[in-house]
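Below is the file target_22.pdb, which contains PDB, C-alpha atoms, pLDDT in the B column.
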ATOM      1  CA  MET A 142     136.003  87.484 203.016  1.00 57.00           C
ATOM      2  CA  ASN A 143     136.256  91.180 203.716  1.00 67.00           C
ATOM      3  CA  PRO A 144     133.943  93.109 205.987  1.00 75.00           C
ATOM      4  CA  ARG A 145     131.480  95.361 204.225  1.00 87.00           C
ATOM      5  CA  LYS A 146     131.940  99.126 204.380  1.00 91.00           C
ATOM      6  CA  ILE A 147     129.106 100.622 206.448  1.00 96.00           C
ATOM      7  CA  GLU A 148     128.623 104.408 206.418  1.00 97.00           C
ATOM      8  CA  VAL A 149     125.950 106.280 208.349  1.00 97.00           C
ATOM      9  CA  PHE A 150     125.114 109.856 207.391  1.00 98.00           C
ATOM     10  CA  THR A 151     123.585 111.887 210.211  1.00 97.00           C
ATOM     11  CA  ALA A 152     122.482 115.372 211.170  1.00 96.00           C
ATOM     12  CA  GLY A 153     123.974 114.977 214.650  1.00 93.00           C
ATOM     13  CA  CYS A 154     120.510 114.951 216.237  1.00 94.00           C
ATOM     14  CA  PRO A 155     119.006 112.626 218.882  1.00 94.00           C
ATOM     15  CA  VAL A 156     116.946 110.746 216.256  1.00 92.00           C
ATOM     16  CA  CYS A 157     120.083 110.109 214.206  1.00 94.00           C
ATOM     17  CA  GLU A 158     122.031 109.057 217.305  1.00 95.00           C
ATOM     18  CA  LYS A 159     119.390 106.456 218.165  1.00 95.00           C
ATOM     19  CA  GLN A 160     119.691 105.021 214.644  1.00 95.00           C
ATOM     20  CA  VAL A 161     123.495 105.058 214.832  1.00 96.00           C
ATOM     21  CA  GLN A 162     123.397 103.038 218.063  1.00 96.00           C
ATOM     22  CA  ALA A 163     121.031 100.466 216.512  1.00 96.00           C
ATOM     23  CA  ILE A 164     123.258 100.148 213.439  1.00 96.00           C
ATOM     24  CA  LEU A 165     126.398  99.775 215.572  1.00 96.00           C
ATOM     25  CA  ALA A 166     124.699  97.010 217.559  1.00 95.00           C
ATOM     26  CA  ALA A 167     123.613  95.211 214.375  1.00 94.00           C
ATOM     27  CA  ALA A 168     127.106  95.490 212.875  1.00 93.00           C
ATOM     28  CA  GLY A 169     128.653  94.007 216.010  1.00 88.00           C
ATOM     29  CA  ASP A 170     132.351  93.240 215.985  1.00 86.00           C
ATOM     30  CA  ARG A 171     132.283  92.031 212.376  1.00 83.00           C
ATOM     31  CA  GLN A 172     132.002  95.432 210.730  1.00 90.00           C
ATOM     32  CA  ALA A 173     133.394  98.878 211.266  1.00 89.00           C
ATOM     33  CA  VAL A 174     130.802 101.618 210.988  1.00 95.00           C
ATOM     34  CA  VAL A 175     131.858 105.099 209.892  1.00 97.00           C
ATOM     35  CA  VAL A 176     129.549 107.907 211.005  1.00 97.00           C
ATOM     36  CA  HIS A 177     129.504 111.059 208.876  1.00 97.00           C
ATOM     37  CA  ASP A 178     127.964 114.007 210.744  1.00 97.00           C
ATOM     38  CA  LEU A 179     126.796 116.372 208.020  1.00 96.00           C
ATOM     39  CA  SER A 180     125.982 119.076 210.567  1.00 95.00           C
ATOM     40  CA  SER A 181     129.725 119.758 210.594  1.00 93.00           C
ATOM     41  CA  GLY A 182     129.285 121.485 207.226  1.00 93.00           C
ATOM     42  CA  ASP A 183     132.341 119.700 205.802  1.00 95.00           C
ATOM     43  CA  PRO A 184     131.977 120.177 202.010  1.00 97.00           C
ATOM     44  CA  GLU A 185     133.737 116.878 201.307  1.00 96.00           C
ATOM     45  CA  LEU A 186     131.167 114.972 203.401  1.00 95.00           C
ATOM     46  CA  VAL A 187     128.317 116.858 201.753  1.00 95.00           C
ATOM     47  CA  ARG A 188     129.726 115.935 198.332  1.00 97.00           C
ATOM     48  CA  LEU A 189     130.125 112.288 199.359  1.00 97.00           C
ATOM     49  CA  ALA A 190     126.532 112.139 200.588  1.00 97.00           C
ATOM     50  CA  ALA A 191     125.258 113.756 197.379  1.00 97.00           C
ATOM     51  CA  ASN A 192     127.268 111.345 195.204  1.00 97.00           C
ATOM     52  CA  ILE A 193     125.786 108.361 197.042  1.00 96.00           C
ATOM     53  CA  GLY A 194     122.280 109.804 196.676  1.00 97.00           C
ATOM     54  CA  VAL A 195     121.506 110.777 200.271  1.00 97.00           C
ATOM     55  CA  ARG A 196     118.411 112.992 200.302  1.00 95.00           C
ATOM     56  CA  ARG A 197     117.268 112.608 203.940  1.00 95.00           C
ATOM     57  CA  LEU A 198     118.966 111.861 207.223  1.00 96.00           C
ATOM     58  CA  PRO A 199     119.816 109.547 208.790  1.00 97.00           C
ATOM     59  CA  ALA A 200     120.880 107.385 205.866  1.00 97.00           C
ATOM     60  CA  VAL A 201     123.055 104.294 205.479  1.00 98.00           C
ATOM     61  CA  ALA A 202     125.356 103.255 202.650  1.00 97.00           C
ATOM     62  CA  ILE A 203     126.732  99.728 202.371  1.00 96.00           C
ATOM     63  CA  ASP A 204     129.804  99.268 200.198  1.00 94.00           C
ATOM     64  CA  GLY A 205     129.322 102.752 198.744  1.00 95.00           C
ATOM     65  CA  ARG A 206     125.663 102.269 197.759  1.00 96.00           C
ATOM     66  CA  LEU A 207     122.720 103.907 199.467  1.00 98.00           C
ATOM     67  CA  ALA A 208     120.576 101.267 201.164  1.00 97.00           C
ATOM     68  CA  SER A 209     117.212 100.867 199.447  1.00 97.00           C
ATOM     69  CA  CYS A 210     115.293 101.760 202.613  1.00 96.00           C
ATOM     70  CA  CYS A 211     117.165 105.052 202.839  1.00 96.00           C
ATOM     71  CA  ALA A 212     116.291 105.976 199.254  1.00 93.00           C
ATOM     72  CA  VAL A 213     112.591 106.156 200.187  1.00 92.00           C
ATOM     73  CA  GLY A 214     112.579 106.677 203.967  1.00 92.00           C
ATOM     74  CA  GLY A 215     114.768 106.058 206.966  1.00 92.00           C
ATOM     75  CA  PRO A 216     116.974 103.158 208.005  1.00 96.00           C
ATOM     76  CA  ASP A 217     115.140  99.852 208.449  1.00 96.00           C
ATOM     77  CA  LEU A 218     117.250  97.241 210.249  1.00 96.00           C
ATOM     78  CA  ALA A 219     115.586  94.297 208.473  1.00 96.00           C
ATOM     79  CA  VAL A 220     116.331  95.824 205.070  1.00 97.00           C
ATOM     80  CA  LEU A 221     119.853  96.806 206.126  1.00 97.00           C
ATOM     81  CA  ARG A 222     120.560  93.245 207.301  1.00 95.00           C
ATOM     82  CA  ALA A 223     119.236  91.860 204.003  1.00 95.00           C
ATOM     83  CA  GLU A 224     121.593  94.238 202.185  1.00 95.00           C
ATOM     84  CA  GLY A 225     124.629  93.198 204.217  1.00 93.00           C
ATOM     85  CA  LEU A 226     124.663  94.905 207.616  1.00 95.00           C
ATOM     86  CA  GLY A 227     126.231  92.464 210.046  1.00 90.00           C
ATOM     87  CA  ALA A 228     127.530  90.202 207.261  1.00 78.00           C
ATOM     88  CA  GLU A 229     130.819  89.812 205.431  1.00 68.00           C
ATOM     89  CA  ALA A 230     131.219  90.635 201.745  1.00 60.00           C
TER      90      ALA A 230
END
Target format structure tokens, applied to this file:
Amino acid sequence: MNPRKIEVFTAGCPVCEKQVQAILAAAGDRQAVVVHDLSSGDPELVRLAANIGVRRLPAVAIDGRLASCCAVGGPDLAVLRAEGLGAEA
């Protein structure tokens, strides 16, 4: 089995950083977590976030799909775990 691809989109703020730390802890050693700081203004990251459907920050994508909790609010660890955070594909 392959590890799932976990991406966190942030605004580089303290609220986002707290969520990033919680997601890193939940992912543990089993998954690599890529953090995309949209405050950098990188147009490629902005495009990636838009293509995934990110509308508010912080947001999490698992295997290229926006987590359901992030489509309507912020990251929810229980929902993220149910969708694959901390698990293998």
As a check of understanding, name the residues that the PyMOL selection byres ((chain A and resi 174-176) around 7) selects in the supplied structure, as an MDAnalysis selection string. chainID A and resid 147:150 165 172:173 177:178
Best match for closeness to Val161 of chain A among A:Cys211, A:Val220, A:Val201, A:Val187, counting only C-alpha atoms: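 Distance minimum relative to Val161 of chain A lands on A:Val201.
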Evaluate the PyMOL selection byres ((chain A and resi 200) around 10) here and jot the selected residues down as a PDB file with C-alpha atoms, in the frame of the given file.
ATOM      1  CA  GLU A 148     128.623 104.408 206.418  1.00 97.00           C
ATOM      2  CA  VAL A 149     125.950 106.280 208.349  1.00 97.00           C
ATOM      3  CA  PHE A 150     125.114 109.856 207.391  1.00 98.00           C
ATOM      4  CA  THR A 151     123.585 111.887 210.211  1.00 97.00           C
ATOM      5  CA  ALA A 152     122.482 115.372 211.170  1.00 96.00           C
ATOM      6  CA  CYS A 157     120.083 110.109 214.206  1.00 94.00           C
ATOM      7  CA  GLN A 160     119.691 105.021 214.644  1.00 95.00           C
ATOM      8  CA  VAL A 161     123.495 105.058 214.832  1.00 96.00           C
ATOM      9  CA  HIS A 177     129.504 111.059 208.876  1.00 97.00           C
ATOM     10  CA  ALA A 190     126.532 112.139 200.588  1.00 97.00           C
ATOM     11  CA  GLY A 194     122.280 109.804 196.676  1.00 97.00           C
ATOM     12  CA  VAL A 195     121.506 110.777 200.271  1.00 97.00           C
ATOM     13  CA  ARG A 196     118.411 112.992 200.302  1.00 95.00           C
ATOM     14  CA  ARG A 197     117.268 112.608 203.940  1.00 95.00           C
ATOM     15  CA  LEU A 198     118.966 111.861 207.223  1.00 96.00           C
ATOM     16  CA  PRO A 199     119.816 109.547 208.790  1.00 97.00           C
ATOM     17  CA  VAL A 201     123.055 104.294 205.479  1.00 98.00           C
ATOM     18  CA  ALA A 202     125.356 103.255 202.650  1.00 97.00           C
ATOM     19  CA  LEU A 207     122.720 103.907 199.467  1.00 98.00           C
ATOM     20  CA  ALA A 208     120.576 101.267 201.164  1.00 97.00           C
ATOM     21  CA  SER A 209     117.212 100.867 199.447  1.00 97.00           C
ATOM     22  CA  CYS A 210     115.293 101.760 202.613  1.00 96.00           C
ATOM     23  CA  CYS A 211     117.165 105.052 202.839  1.00 96.00           C
ATOM     24  CA  ALA A 212     116.291 105.976 199.254  1.00 93.00           C
ATOM     25  CA  GLY A 214     112.579 106.677 203.967  1.00 92.00           C
ATOM     26  CA  GLY A 215     114.768 106.058 206.966  1.00 92.00           C
ATOM     27  CA  PRO A 216     116.974 103.158 208.005  1.00 96.00           C
ATOM     28  CA  ASP A 217     115.140  99.852 208.449  1.00 96.00           C
TER      29      ASP A 217
END
Between A:Leu189, A:Leu179, A:Val213, A:Ala167, which is the closest to Gly227 of chain A once you count all atoms listed in the file?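 Checking each candidate against Gly227 of chain A, we get A:Ala167 as the closest.
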Atom CA of Ala168 of chain A and atom CA of Ala228 of chain A are how many Å apart? 7.7 Å
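For the set A:Gly225, A:Gly182, A:Gly169, A:Gly205, the residue with the smallest atom-to-atom gap to Gly153 of chain A is A:Gly182, counting all atoms listed in the file.
Residue nearest Cys154 of chain A within the list A:Leu226, A:Leu218, A:Ser181, A:Ala166: A:Ser181 [criterion: smallest interatomic distance, all atoms listed in the file].
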Kindly write chain A with C-alpha atoms to a file, as a compact mmCIF listing (two decimals), in the first residue's frame.
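For reference, result_0.txt as written:
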# COMPACT_ATOMS: atom_id res chain seq x y z
CA MET A 142 0.00 0.00 0.00
CA ASN A 143 1.08 3.54 -0.71
CA PRO A 144 0.79 6.41 1.71
CA ARG A 145 -1.93 8.91 0.92
CA LYS A 146 -0.99 12.36 -0.35
CA ILE A 147 -1.88 14.93 2.32
CA GLU A 148 -1.80 18.64 1.39
CA VAL A 149 -2.59 21.49 3.76
CA PHE A 150 -3.36 24.93 2.34
CA THR A 151 -2.69 27.78 4.76
CA ALA A 152 -2.58 31.55 5.03
CA GLY A 153 0.60 31.38 7.13
CA CYS A 154 -1.26 32.61 10.22
CA PRO A 155 -1.22 31.31 13.82
CA VAL A 156 -4.64 29.64 13.40
CA CYS A 157 -3.40 27.79 10.32
CA GLU A 158 -0.16 26.82 12.07
CA LYS A 159 -2.11 25.25 14.94
CA GLN A 160 -4.10 23.18 12.43
CA VAL A 161 -0.93 22.19 10.56
CA GLN A 162 0.62 20.89 13.80
CA ALA A 163 -2.51 18.85 14.60
CA ILE A 164 -2.56 17.37 11.09
CA LEU A 165 1.16 16.53 11.24
CA ALA A 166 0.60 14.75 14.56
CA ALA A 167 -2.35 12.79 13.16
CA ALA A 168 -0.38 11.81 10.05
CA GLY A 169 2.50 10.54 12.17
CA ASP A 170 5.35 8.78 10.44
CA ARG A 171 3.04 7.01 7.98
CA GLN A 172 2.29 10.00 5.78
CA ALA A 173 4.15 12.96 4.42
CA VAL A 174 2.26 16.22 4.72
CA VAL A 175 2.91 19.01 2.23
CA VAL A 176 2.06 22.50 3.47
CA HIS A 177 1.18 25.10 0.84
CA ASP A 178 1.41 28.65 2.22
CA LEU A 179 -0.82 30.72 -0.04
CA SER A 180 0.35 33.95 1.57
CA SER A 181 3.46 33.56 -0.59
CA GLY A 182 1.36 34.70 -3.55
CA ASP A 183 2.76 31.91 -5.75
CA PRO A 184 0.32 31.78 -8.71
CA GLU A 185 0.90 28.05 -9.18
CA LEU A 186 -0.18 27.35 -5.58
CA VAL A 187 -3.19 29.63 -5.96
CA ARG A 188 -4.17 27.75 -9.13
CA LEU A 189 -3.71 24.38 -7.41
CA ALA A 190 -5.90 25.46 -4.50
CA ALA A 191 -8.59 26.77 -6.87
CA ASN A 192 -8.55 23.54 -8.91
CA ILE A 193 -9.04 21.47 -5.76
CA GLY A 194 -11.89 23.75 -4.64
CA VAL A 195 -10.29 25.53 -1.68
CA ARG A 196 -12.48 28.48 -0.71
CA ARG A 197 -11.32 29.09 2.90
CA LEU A 198 -8.14 28.50 4.83
CA PRO A 199 -6.84 26.37 6.34
CA ALA A 200 -7.96 23.50 4.12
CA VAL A 201 -6.83 19.91 3.62
CA ALA A 202 -6.76 17.78 0.48
CA ILE A 203 -6.27 14.02 0.62
CA ASP A 204 -5.13 12.34 -2.58
CA GLY A 205 -5.92 15.50 -4.55
CA ARG A 206 -9.49 15.89 -3.25
CA LEU A 207 -10.65 18.56 -0.85
CA ALA A 208 -11.72 16.97 2.43
CA SER A 209 -15.47 17.23 2.97
CA CYS A 210 -15.05 19.17 6.21
CA CYS A 211 -13.00 21.80 4.40
CA ALA A 212 -15.68 22.27 1.73
CA VAL A 213 -18.08 23.64 4.37
CA GLY A 214 -15.82 24.81 7.21
CA GLY A 215 -12.40 24.16 8.62
CA PRO A 216 -10.39 20.99 9.17
CA ASP A 217 -12.02 18.46 11.51
CA LEU A 218 -9.61 15.74 12.62
CA ALA A 219 -12.35 13.10 12.99
CA VAL A 220 -13.54 13.73 9.44
CA LEU A 221 -9.97 13.86 8.12
CA ARG A 222 -9.17 10.51 9.77
CA ALA A 223 -12.33 8.98 8.28
CA GLU A 224 -11.20 10.24 4.86
CA GLY A 225 -7.71 8.78 5.19
CA LEU A 226 -5.48 10.99 7.34
CA GLY A 227 -3.12 8.69 9.19
CA ALA A 228 -3.98 5.69 7.00
CA GLU A 229 -2.46 4.08 3.93
CA ALA A 230 -4.18 4.08 0.55
